[in-house]
>>> print(open('start-v9.csv').read())   # CSV, C-alpha atoms
chain,number,residue,atom,x,y,z
A,1,SER,CA,-27.5,117.6,-98.9
A,2,ALA,CA,-24.1,119.3,-98.9
A,3,THR,CA,-24.9,121.3,-95.8
A,4,ILE,CA,-27.6,119.5,-93.9
A,5,GLU,CA,-25.2,117.3,-91.9
A,6,ARG,CA,-23.2,120.3,-90.7
A,7,GLY,CA,-26.4,122.1,-89.8
A,8,LEU,CA,-27.9,119.3,-87.9
A,9,ARG,CA,-24.6,118.5,-86.1
A,10,SER,CA,-24.4,122.2,-84.9
A,11,ILE,CA,-27.8,121.7,-83.3
A,12,LEU,CA,-27.2,118.3,-81.9
A,13,ASP,CA,-23.9,119.4,-80.3
A,14,GLN,CA,-25.8,121.8,-78.0
A,15,ASP,CA,-25.5,121.0,-74.3
A,16,GLY,CA,-28.0,121.8,-71.5
A,17,VAL,CA,-30.9,122.7,-73.9
A,18,ASP,CA,-34.1,120.7,-74.3
A,19,PHE,CA,-35.3,120.9,-77.9
A,20,GLU,CA,-37.0,119.1,-80.7
A,21,ILE,CA,-35.7,119.0,-84.2
A,22,VAL,CA,-38.2,119.1,-87.0
A,23,VAL,CA,-36.8,118.8,-90.5
A,24,VAL,CA,-39.3,119.8,-93.2
A,25,ASP,CA,-38.0,118.6,-96.5
A,26,ASP,CA,-39.6,120.6,-99.4
A,27,ASP,CA,-39.5,117.7,-101.9
A,28,SER,CA,-35.7,117.7,-102.3
A,29,THR,CA,-34.2,115.6,-105.0
A,30,ASP,CA,-30.8,114.8,-103.4
A,31,ASP,CA,-30.0,112.6,-100.4
A,32,SER,CA,-31.0,115.3,-97.7
A,33,VAL,CA,-33.8,113.1,-96.4
A,34,ALA,CA,-31.5,110.1,-95.9
A,35,VAL,CA,-28.9,112.2,-94.2
A,36,ALA,CA,-31.4,113.8,-91.9
A,37,ALA,CA,-33.2,110.5,-91.1
A,38,ALA,CA,-29.9,109.0,-90.1
A,39,MET,CA,-29.0,111.8,-87.7
A,40,LEU,CA,-32.3,112.6,-86.0
A,41,ARG,CA,-32.9,111.3,-82.4
A,42,PRO,CA,-36.0,109.6,-81.1
A,43,GLY,CA,-38.7,112.2,-80.8
A,44,ASP,CA,-37.3,114.4,-83.6
A,45,ARG,CA,-39.3,114.5,-86.8
A,46,LEU,CA,-38.8,114.4,-90.5
A,47,VAL,CA,-41.7,115.8,-92.6
A,48,ARG,CA,-41.7,115.6,-96.4
A,49,ASN,CA,-43.7,117.9,-98.6
A,50,GLN,CA,-45.1,116.4,-101.8
A,51,PRO,CA,-45.5,118.4,-103.9
A,52,ARG,CA,-43.0,121.2,-103.2
A,53,LEU,CA,-44.5,124.1,-101.3
A,54,GLY,CA,-41.9,126.8,-101.9
A,55,LEU,CA,-40.1,128.9,-99.3
A,56,ASN,CA,-42.9,130.8,-97.7
A,57,ALA,CA,-45.4,127.9,-97.6
A,58,ASN,CA,-42.6,125.6,-96.3
A,59,HIS,CA,-41.9,128.0,-93.5
A,60,ASN,CA,-45.6,128.1,-92.6
A,61,LYS,CA,-45.6,124.2,-92.6
A,62,CYS,CA,-42.7,124.3,-90.2
A,63,LEU,CA,-44.7,126.5,-87.8
A,64,ASP,CA,-47.7,124.3,-88.2
A,65,VAL,CA,-45.9,121.1,-87.2
A,66,ALA,CA,-43.7,122.5,-84.5
A,67,ARG,CA,-44.7,121.6,-80.9
A,68,GLY,CA,-42.6,124.1,-79.0
A,69,ASP,CA,-43.3,127.7,-78.0
A,70,LEU,CA,-40.1,129.0,-79.3
A,71,ILE,CA,-39.0,128.2,-82.9
A,72,GLN,CA,-35.6,128.7,-84.5
A,73,PHE,CA,-35.2,128.3,-88.3
A,74,VAL,CA,-31.8,126.9,-89.3
A,75,HIS,CA,-30.9,127.0,-92.9
A,76,GLY,CA,-28.0,125.5,-94.7
A,77,ASP,CA,-26.4,128.8,-95.7
>>> encode(input="start-v9.csv", output="structure tokens")
Amino acid sequence: SATIERGLRSILDQDGVDFEIVVVDDDSTDDSVAVAAAMLRPGDRLVRNQPRLGLNANHNKCLDVARGDLIQFVHGD
């Protein structure tokens, strides 16, 4: 949760670009979900994995739920 607000803010501050944000939470135990939910716009989505999928399967889940033709992964680091 220490970096999700900064990461989402960097995306939301983009001008002139039409995009959807999809946050796929891999069963986190901190307040990342609450932070993301508070920041997402109508039409953006928050998906929660239960149980945890792990890095590779979580990336695949992101690709499965994305609606766009172009996808950019944004990580907290």
>>> atom_distance(input="start-v9.csv", atom1="atom CA of Pro42 of chain A", atom2="atom CA of Asn56 of chain A")
27.8 Å
>>> residues_around(input="start-v9.csv", residues="Phe19 of chain A", least_positions_apart="2", cutoff="9 Å", atoms="all atoms listed in the file", output="list in words")
Val17, Ile21, Asp44 and Gly68 of chain A
>>> residues_around(input="start-v9.csv", residues="Asp64 of chain A", least_positions_apart="6", cutoff="12 Å", atoms="only C-alpha atoms", output="ChimeraX atom specification")
/A:22,24,47,57-58,71
>>> closest_residue(input="start-v9.csv", among="A:His75, A:Asp31, A:Ile11, A:Ala36", to="Leu55 of chain A", atoms="only C-alpha atoms")
A:His75
>>> closest_residue(input="start-v9.csv", among="A:Glu5, A:Asp25, A:Asp30, A:Asp18", to="Leu70 of chain A", atoms="all atoms listed in the file")
A:Asp18
>>> atom_distance(input="start-v9.csv", atom1="atom CA of Asn49 of chain A", atom2="atom CA of Cys62 of chain A")
10.6 Å
>>> atom_distance(input="start-v9.csv", atom1="atom CA of Ser28 of chain A", atom2="atom CA of Thr3 of chain A")
13.1 Å
>>> residues_around(input="start-v9.csv", residues="Arg6 of chain A", least_positions_apart="3", cutoff="12 Å", atoms="all atoms listed in the file", output="PyMOL selection string")
chain A and resi 1-3+9-13+32+35-36+39+74-77
>>> closest_residue(input="start-v9.csv", among="A:Gly16, A:Gly7, A:Gly54, A:Arg45", to="Ala66 of chain A", atoms="all atoms listed in the file")
A:Arg45
>>> closest_residue(input="start-v9.csv", among="A:His59, A:Val23, A:Asp69, A:Ala34", to="Leu46 of chain A", atoms="only C-alpha atoms")
A:Val23
>>> closest_residue(input="start-v9.csv", among="A:Asn60, A:Asp15, A:Ile4, A:Phe73", to="Leu40 of chain A", atoms="all atoms listed in the file")
A:Ile4
